[in-house]
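Peer 1: Pasting query-v6.cif below, which is mmCIF, C-alpha atoms and all ligand atoms.
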```cif
data_target
#
loop_
_atom_site.label_atom_id
_atom_site.label_comp_id
_atom_site.auth_asym_id
_atom_site.auth_seq_id
_atom_site.Cartn_x
_atom_site.Cartn_y
_atom_site.Cartn_z
CA MET A 20 101.78 80.69 86.69
CA SER A 21 102.48 79.59 90.28
CA GLU A 22 100.12 80.51 93.07
CA GLN A 23 100.51 84.02 94.42
CA LYS A 24 100.46 84.75 98.13
CA SER A 25 100.69 88.35 99.15
CA VAL A 26 101.90 89.78 102.42
CA TRP A 27 101.05 93.44 102.88
CA LEU A 28 103.50 95.73 104.65
CA LEU A 29 101.40 98.48 106.20
CA GLY A 30 102.88 101.59 107.76
CA GLY A 31 103.10 105.35 107.53
CA PRO A 32 106.22 107.27 106.46
CA ASP A 33 109.48 106.26 108.15
CA ALA A 34 107.94 103.09 109.60
CA GLY A 35 110.75 100.73 108.54
CA LYS A 36 108.96 98.85 105.72
CA SER A 37 111.61 99.18 102.98
CA ASN A 38 114.53 98.38 105.26
CA TYR A 39 112.77 95.29 106.57
CA LEU A 40 111.88 94.16 103.05
CA THR A 41 115.44 94.69 101.84
CA ARG A 42 117.04 92.83 104.75
CA THR A 43 114.51 90.03 104.27
CA TRP A 44 115.21 89.87 100.54
CA LEU A 45 118.89 89.33 101.40
CA ALA A 46 117.95 86.49 103.77
CA ILE A 47 115.66 84.95 101.13
CA ARG A 48 118.33 85.31 98.45
CA GLU A 49 121.05 83.81 100.65
CA ARG A 50 118.66 80.99 101.58
CA ALA A 51 119.46 81.81 105.20
CA GLY A 52 115.99 81.53 106.74
CA LEU A 53 112.61 79.81 106.80
CA ILE A 54 111.65 81.31 103.43
CA GLU A 55 114.07 80.62 100.60
CA LEU A 56 114.45 81.74 97.03
CA ALA A 57 113.12 79.06 94.67
CA ALA A 58 114.01 80.85 91.41
CA LEU A 59 115.10 84.33 90.39
CA PRO A 60 112.20 86.82 90.20
CA ASP A 61 111.43 88.31 86.76
CA GLU A 62 112.13 91.75 88.18
CA PHE A 63 114.41 92.41 91.14
CA GLU A 64 116.24 95.60 90.32
CA TYR A 65 114.38 97.53 93.04
CA LEU A 66 115.35 95.00 95.71
CA ASN A 67 118.94 94.71 94.53
CA THR A 68 119.45 98.48 94.38
CA ALA A 69 118.15 98.78 97.95
CA SER A 70 120.35 95.82 99.00
CA SER A 71 123.46 97.56 97.70
CA GLN A 72 122.60 100.58 99.81
CA LEU A 73 122.17 98.44 102.93
CA SER A 74 125.28 96.38 102.24
CA GLY A 75 127.15 99.70 102.00
CA GLY A 76 126.26 100.48 105.62
CA ARG A 77 123.36 102.88 104.96
CA PHE A 78 119.71 102.46 105.71
CA VAL A 79 117.54 102.22 102.62
CA SER A 80 116.08 105.62 101.81
CA HIS A 81 112.50 106.87 101.91
CA THR A 82 110.18 105.51 99.20
CA SER A 83 108.75 108.27 97.03
CA ARG A 84 105.03 108.60 96.69
CA GLY A 85 103.71 106.78 93.64
CA VAL A 86 106.54 104.22 93.53
CA HIS A 87 104.55 101.01 93.33
CA VAL A 88 106.82 98.02 93.02
CA GLN A 89 105.07 94.70 93.26
CA ASN A 90 108.06 92.51 94.31
CA SER A 91 106.98 89.08 93.26
CA ILE A 92 109.48 86.48 94.48
CA PRO A 93 109.32 82.74 93.76
CA VAL A 94 109.87 81.13 97.17
CA ARG A 95 109.70 77.84 99.02
CA THR A 96 110.07 76.73 102.62
CA GLN A 97 112.19 73.90 103.99
CA SER A 98 110.73 71.46 106.50
CA VAL A 99 108.11 73.74 108.05
CA GLU A 100 104.35 73.38 108.36
CA PRO A 101 102.56 74.18 106.18
CA GLN A 102 104.97 73.79 103.27
CA ILE A 103 104.92 76.97 101.15
CA THR A 104 105.72 77.25 97.47
CA GLY A 105 104.67 79.93 95.01
CA ASP A 106 105.19 83.59 94.34
CA LEU A 107 105.48 85.72 97.43
CA VAL A 108 104.15 89.19 96.57
CA VAL A 109 105.36 91.93 98.94
CA PRO A 110 104.61 95.37 97.49
CA ASP A 111 106.57 98.27 98.98
CA TYR A 112 104.49 101.44 98.99
CA SER A 113 105.42 104.77 100.49
CA GLY A 114 103.98 105.69 103.86
CA GLU A 115 102.26 108.70 102.25
CA ASP A 116 100.33 106.33 100.00
CA TRP A 117 99.22 104.36 103.05
CA ILE A 118 98.12 107.55 104.81
CA ALA A 119 96.13 108.49 101.69
CA ILE A 120 94.30 105.14 101.87
CA HIS A 121 93.26 106.04 105.41
CA ALA A 122 92.31 109.62 104.48
CA GLU A 123 90.21 108.53 101.50
CA ARG A 124 88.99 105.36 103.24
CA ARG A 125 89.36 103.51 99.97
CA TRP A 126 91.73 100.90 98.53
CA SER A 127 93.10 101.60 95.10
CA GLU A 128 92.13 99.12 92.37
CA GLU A 129 95.63 97.70 92.63
CA TRP A 130 95.18 96.79 96.29
CA GLU A 131 91.67 95.52 95.72
CA SER A 132 92.96 93.17 93.05
CA ARG A 133 95.44 91.78 95.58
CA LEU A 134 92.80 90.98 98.21
CA GLY A 135 92.21 87.55 96.68
CA SER A 136 95.84 86.51 97.22
CA LEU A 137 96.21 88.15 100.63
CA ALA A 138 97.79 85.74 103.12
CA GLY A 139 98.65 88.07 105.98
CA CYS A 140 99.87 91.53 106.98
CA LEU A 141 102.70 93.14 108.85
CA VAL A 142 102.01 96.53 110.41
CA PHE A 143 105.11 98.63 111.01
CA LEU A 144 105.64 101.08 113.88
CA ARG A 145 109.17 102.49 114.10
CA ALA A 146 110.77 103.07 117.48
CA SER A 147 111.78 106.70 118.02
CA SER A 148 110.39 107.88 114.67
CA ARG A 149 109.51 111.55 114.42
CA GLU A 150 106.72 110.64 112.00
CA ILE A 151 104.65 108.97 114.71
CA VAL A 152 101.63 111.14 115.42
CA ALA A 153 100.82 110.91 119.11
CA THR A 154 97.27 110.82 120.38
CA LEU A 155 96.23 114.13 121.91
CA ASP A 156 96.33 114.14 125.68
CA TRP A 157 95.12 117.01 127.89
CA PHE A 158 98.41 118.83 127.52
CA GLY A 159 98.63 118.31 123.73
CA CYS A 160 95.00 119.33 123.35
CA HIS A 161 95.66 122.55 125.19
CA LYS A 162 98.71 123.24 123.03
CA ALA A 163 96.86 122.51 119.77
CA PHE A 164 93.48 124.03 120.43
CA GLY A 165 93.78 126.32 123.45
CA ILE A 166 91.77 126.42 126.63
CA PRO A 167 88.02 125.68 126.65
CA LEU A 168 87.22 129.40 126.43
CA ASN A 169 88.72 129.77 122.97
CA LEU A 170 88.02 126.24 121.74
CA GLY A 171 86.30 126.21 118.37
CA GLN A 172 87.44 129.67 117.37
CA GLU A 173 89.97 128.36 114.89
CA ALA A 174 89.48 124.84 113.62
CA PRO A 175 92.52 123.28 111.93
CA ALA A 176 92.56 124.06 108.21
CA ASP A 177 91.75 121.28 105.77
CA GLY A 178 94.66 118.89 105.42
CA GLU A 179 96.32 120.25 108.55
CA TYR A 180 94.96 117.67 110.95
CA GLN A 181 96.87 114.41 111.16
CA SER A 182 95.19 111.37 112.64
CA PRO A 183 97.16 109.76 115.46
CA THR A 184 99.23 106.82 114.20
CA GLN A 185 97.40 104.23 116.29
CA VAL A 186 94.05 105.46 114.96
CA VAL A 187 95.32 105.12 111.38
CA VAL A 188 96.51 101.55 112.05
CA ILE A 189 93.15 100.56 113.56
CA ASP A 190 91.39 102.12 110.58
CA TRP A 191 93.47 100.10 108.08
CA LEU A 192 92.63 96.92 109.97
CA GLN A 193 88.93 97.75 110.07
CA MET A 194 88.98 98.54 106.35
CA LEU A 195 90.70 95.23 105.68
CA ARG A 196 88.17 93.30 107.74
CA GLN A 197 85.33 95.00 105.91
CA SER A 198 86.86 94.33 102.48
CA LEU A 199 87.54 90.67 103.24
CA ARG A 200 83.95 90.23 104.39
CA SER A 201 82.45 92.01 101.41
CA THR A 202 84.52 90.00 98.93
CA GLY A 203 83.49 86.70 100.55
CA SER A 204 87.05 85.85 101.57
CA THR A 205 87.62 82.43 103.12
CA ILE A 206 90.13 83.87 105.61
CA GLN A 207 88.65 83.33 109.08
CA ARG A 208 91.27 85.14 111.14
CA LEU A 209 93.66 87.30 109.19
CA ARG A 210 97.20 87.07 110.53
CA VAL A 211 98.44 90.54 111.48
CA GLY A 212 101.97 90.89 112.80
CA ILE A 213 102.69 94.09 114.69
CA VAL A 214 106.33 94.89 113.94
CA ILE A 215 108.22 97.34 116.13
CA SER A 216 111.02 98.22 113.75
CA ALA A 217 114.39 99.63 114.84
CA TRP A 218 114.12 97.66 118.09
CA ASP A 219 117.77 98.65 118.69
CA LEU A 220 116.49 102.21 119.24
CA VAL A 221 113.86 101.27 121.83
CA PRO A 222 114.72 103.07 125.10
CA VAL A 223 116.69 100.88 127.52
CA ASP A 224 113.92 100.76 130.15
CA GLN A 225 111.44 99.43 127.55
CA LYS A 226 113.86 96.96 125.96
CA SER A 227 113.63 94.62 128.92
CA GLY A 228 109.94 94.19 128.10
CA ASN A 229 108.32 92.52 125.10
CA PRO A 230 107.14 94.22 121.90
CA SER A 231 103.56 93.94 123.22
CA ASP A 232 104.55 95.92 126.35
CA TYR A 233 105.94 98.58 124.05
CA VAL A 234 102.66 98.73 122.12
CA LYS A 235 100.71 98.85 125.37
CA SER A 236 102.65 101.84 126.67
CA ASP A 237 103.11 103.81 123.41
CA PHE A 238 99.94 102.83 121.49
CA PRO A 239 97.36 101.98 124.20
CA LEU A 240 94.31 102.24 121.95
CA LEU A 241 95.87 99.85 119.42
CA SER A 242 96.77 97.51 122.27
CA GLN A 243 93.13 97.46 123.39
CA PHE A 244 91.98 96.88 119.81
CA ILE A 245 94.34 93.90 119.59
CA GLU A 246 93.07 92.48 122.88
CA SER A 247 89.43 92.76 121.88
CA ASN A 248 89.54 91.66 118.22
CA SER A 249 91.06 88.21 118.36
CA LYS A 250 87.91 86.74 116.81
CA ASP A 251 88.70 88.32 113.44
CA PHE A 252 92.48 88.65 113.61
CA GLU A 253 95.33 86.48 114.78
CA PHE A 254 97.93 88.84 116.18
CA ALA A 255 101.61 88.36 116.98
CA PHE A 256 104.26 90.89 117.90
CA PHE A 257 107.73 91.29 116.46
CA GLY A 258 110.68 93.48 117.37
CA VAL A 259 113.01 93.84 114.38
CA SER A 260 116.48 95.28 114.09
CA ILE A 261 117.88 95.38 110.57
CA ALA A 262 121.54 95.39 111.55
CA GLY A 263 121.51 95.14 115.35
CA ALA A 264 122.44 98.81 115.85
CA ASP A 265 122.15 102.20 114.19
CA PHE A 266 124.75 103.06 111.51
CA ASP A 267 124.64 106.74 112.33
CA ARG A 268 124.27 106.71 116.10
CA ALA A 269 126.36 103.77 117.34
CA PRO A 270 130.05 104.78 117.27
CA GLY A 271 132.20 102.45 115.13
CA PHE A 272 129.23 100.28 114.15
CA ARG A 273 129.27 101.03 110.43
CA GLU A 274 132.90 99.91 110.18
CA GLU A 275 132.18 96.70 112.07
CA PHE A 276 129.23 96.06 109.74
CA LEU A 277 131.26 96.71 106.59
CA ASN A 278 133.89 94.22 107.76
CA GLY A 279 131.28 91.50 108.25
CA THR A 280 128.54 89.72 106.31
CA VAL A 281 125.19 91.52 106.15
CA THR A 282 123.14 88.41 106.89
CA ASP A 283 125.02 87.89 110.17
CA PHE A 284 123.69 91.19 111.51
CA GLY A 285 120.36 92.08 113.10
CA TYR A 286 117.69 90.06 114.83
CA VAL A 287 113.97 89.45 115.18
CA LEU A 288 112.00 89.05 118.41
CA TYR A 289 108.87 86.95 118.11
CA GLN A 290 106.08 87.10 120.65
CA SER A 291 102.65 85.51 120.68
CA ASP A 292 100.27 84.65 123.54
CA ASP A 293 102.14 81.43 124.31
CA ASN A 294 105.70 81.91 123.15
CA SER A 295 108.52 84.35 122.68
CA PHE A 296 112.02 83.93 121.35
CA GLN A 297 114.78 85.76 119.48
CA SER A 298 115.94 84.71 116.04
CA ARG A 299 118.48 85.79 113.45
CA ASP A 300 116.01 85.01 110.70
CA HIS A 301 114.46 88.12 109.13
CA THR A 302 112.11 85.99 107.03
CA LEU A 303 110.36 84.91 110.25
CA PRO A 304 107.65 87.65 110.34
CA ILE A 305 106.78 87.01 106.67
CA ALA A 306 106.81 83.25 107.25
CA TRP A 307 104.41 83.76 110.16
CA ALA A 308 102.17 86.02 108.04
CA LEU A 309 102.06 83.25 105.42
CA GLY A 310 100.71 80.87 108.05
CA VAL A 311 103.87 78.99 109.01
CA ASP A 312 104.08 77.51 112.52
CA VAL A 313 107.21 79.50 113.38
CA VAL A 314 107.45 78.16 116.94
CA ALA A 315 107.73 74.56 115.77
CA ALA A 316 110.16 75.66 113.05
CA ASP A 317 112.35 77.49 115.55
CA LEU A 318 112.32 74.56 117.99
CA ARG A 319 113.42 72.25 115.20
CA LYS A 320 116.29 74.61 114.44
CA VAL A 321 117.35 74.50 118.10
CA GLU A 322 117.13 70.69 118.04
CA ARG A 323 119.30 70.58 114.92
CA GLY A 324 121.74 72.77 116.83
N1 LIG B 1 118.44 102.01 114.05
C1 LIG B 1 117.62 101.50 113.15
N2 LIG B 1 116.98 102.33 112.31
C2 LIG B 1 116.13 101.78 111.43
C3 LIG B 1 115.87 100.39 111.34
N3 LIG B 1 114.95 100.17 110.38
C4 LIG B 1 114.65 101.40 109.88
N4 LIG B 1 115.36 102.36 110.51
C5 LIG B 1 115.31 103.82 110.30
O1 LIG B 1 114.02 104.14 109.86
C6 LIG B 1 114.09 104.93 108.68
C7 LIG B 1 112.88 104.65 107.83
O2 LIG B 1 112.92 103.33 107.37
P1 LIG B 1 112.25 102.93 105.98
O3 LIG B 1 112.49 101.47 105.80
O4 LIG B 1 112.68 103.85 104.90
O5 LIG B 1 110.74 103.22 106.32
P2 LIG B 1 109.50 103.14 105.31
O6 LIG B 1 108.36 102.60 106.12
O7 LIG B 1 109.87 102.39 104.09
O8 LIG B 1 109.25 104.66 105.04
P3 LIG B 1 108.63 105.35 103.69
O9 LIG B 1 109.45 104.89 102.55
O10 LIG B 1 108.78 106.79 104.04
O11 LIG B 1 107.22 104.90 103.64
C8 LIG B 1 115.42 104.53 108.06
O12 LIG B 1 115.93 105.56 107.25
C9 LIG B 1 116.29 104.31 109.26
O13 LIG B 1 116.81 105.54 109.71
C10 LIG B 1 116.58 99.53 112.26
O14 LIG B 1 116.42 98.32 112.31
N5 LIG B 1 117.43 100.15 113.13
MG MG B 2 109.91 102.87 102.10
#
```
Would you mind writing the structure in this file as structure tokens?
Ligand SMILES: Nc1nc2c(ncn2[C@@H]2O[C@H](COP(=O)(O)OP(=O)(O)OP(=O)(O)O)[C@@H](O)[C@H]2O)c(=O)[nH]1
Ligand SMILES: [Mg+2]

Peer 2:
Amino acid sequence: MSEQKSVWLLGGPDAGKSNYLTRTWLAIRERAGLIELAALPDEFEYLNTASSQLSGGRFVSHTSRGVHVQNSIPVRTQSVEPQITGDLVVPDYSGEDWIAIHAERRWSEEWESRLGSLAGCLVFLRASSREIVATLDWFGCHKAFGIPLNLGQEAPADGEYQSPTQVVVIDWLQMLRQSLRSTGSTIQRLRVGIVISAWDLVPVDQKSGNPSDYVKSDFPLLSQFIESNSKDFEFAFFGVSIAGADFDRAPGFREEFLNGTVTDFGYVLYQSDDNSFQSRDHTLPIAWALGVDVVAADLRKVERG
């Protein structure tokens, strides 16, 4: 059996995981990016069904709780450092399952068994998603709990309280750090890519900034965690658009998409401390999570023209 390298896609409901995975599968299958298909996977019905939906001009639908598809894809890279070959394992779990991991503060046996092959993670936050739970500010606190005089009279019922999204993300990362330490992992700095999905839906005034500016303004606690935990994690930011626009909101876009080739649509923004660039390669965040020097790879592509 070839070596397995897993990249975990973390994110709550509606975070953009399945659409990213599907678009990336198409890029891998078409051998259109840094990561290429080396051989057909044993099982790819899940990915192909989702691809048909996307190719038909519809976003891939919500993943039901309990759907645990492993997605093991034999891949290779072309002229990048380090050279990657083996089975890329990218499980697609539902956001509810991820929230349950946070609520129970426990990995399932399935996830624990994957820790040994973990190469890197991508954490998904979806622009303009209604599922994002905002951190309580003074105004929200007043709305939820009342004024100080009646505070504590009615605590939220069990199961009613939802942790803010940025708190959940930080908790996953802390759990991961703890698990890697306790299993004696050799990973020194786990690569964690923060992916702002549906970048096409980011408000115009924020689009002129970088994905890290977006995180700073919308998820300030997470931004501070990122700034102060570079000893244990190597972070990079990505802005991803599956098709370049929204099928349902951009007038005439679906038709334009259906008349074109799926892999010509969409883009990825890459941003690290030293570099930022835009690419058409949806495999780029996964390549980065696997340890590839994506800046050198992108420069070589520019040199090749
Ligand atoms: N405009 C736009 N919308 C997107 C993009 N990616 C995802 N979406 C929207 O986000 C929704 C959720 O995306 P999914 O990929 O299903 O999210 P998920 O993280 O897999 O969600 P669960 O399956 O609920 O865990 C989609 O139905 C789309 O409406 C994008 O690049 N552009
Ligand atoms: Mg999904």

Peer 1: For ligand LIG 1 (chain B), take all atoms listed in the file, fit an axis-aligned box around them, add 3 Å to each of the six sides, then output centre and edge lengths in Å rounded to one decimal, as lines of an AutoDock Vina configuration file.

Peer 2:
```
center_x = 112.8
center_y = 102.6
center_z = 108.3
size_x = 17.2
size_y = 14.5
size_z = 17.5
```

Peer 1: Pick the closest to ligand MG 2 (chain B) from A:Ser113, A:Thr280, A:Ser247, A:Ser260: which is it, counting only C-alpha atoms and all ligand atoms?

Peer 2: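 Smallest distance to ligand MG 2 (chain B) is found for A:Ser113.
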
Peer 1: Counting only C-alpha atoms and all ligand atoms, what are the residues, protein, DNA or RNA alike, that approach ligand LIG 1 (chain B) to within 7 Å? I want them as a PyMOL selection string.

Peer 2: chain A and resi 30-39+78-83+112-115+145+216-220+259-266

Peer 1: Which protein, DNA or RNA residues are at most 10 Å from (90.0, 85.3, 111.5) in the file's coordinates when you count only C-alpha atoms, listed as an MDAnalysis selection string?

Peer 2: chainID A and resid 196 205:211 248:254

Peer 1: Nearest to ligand MG 2 (chain B) among A:Val86, A:Leu141, A:Ala119, A:Leu309, with distances taken over all atoms listed in the file: which residue is it?

Peer 2: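 Closest candidate: A:Val86.
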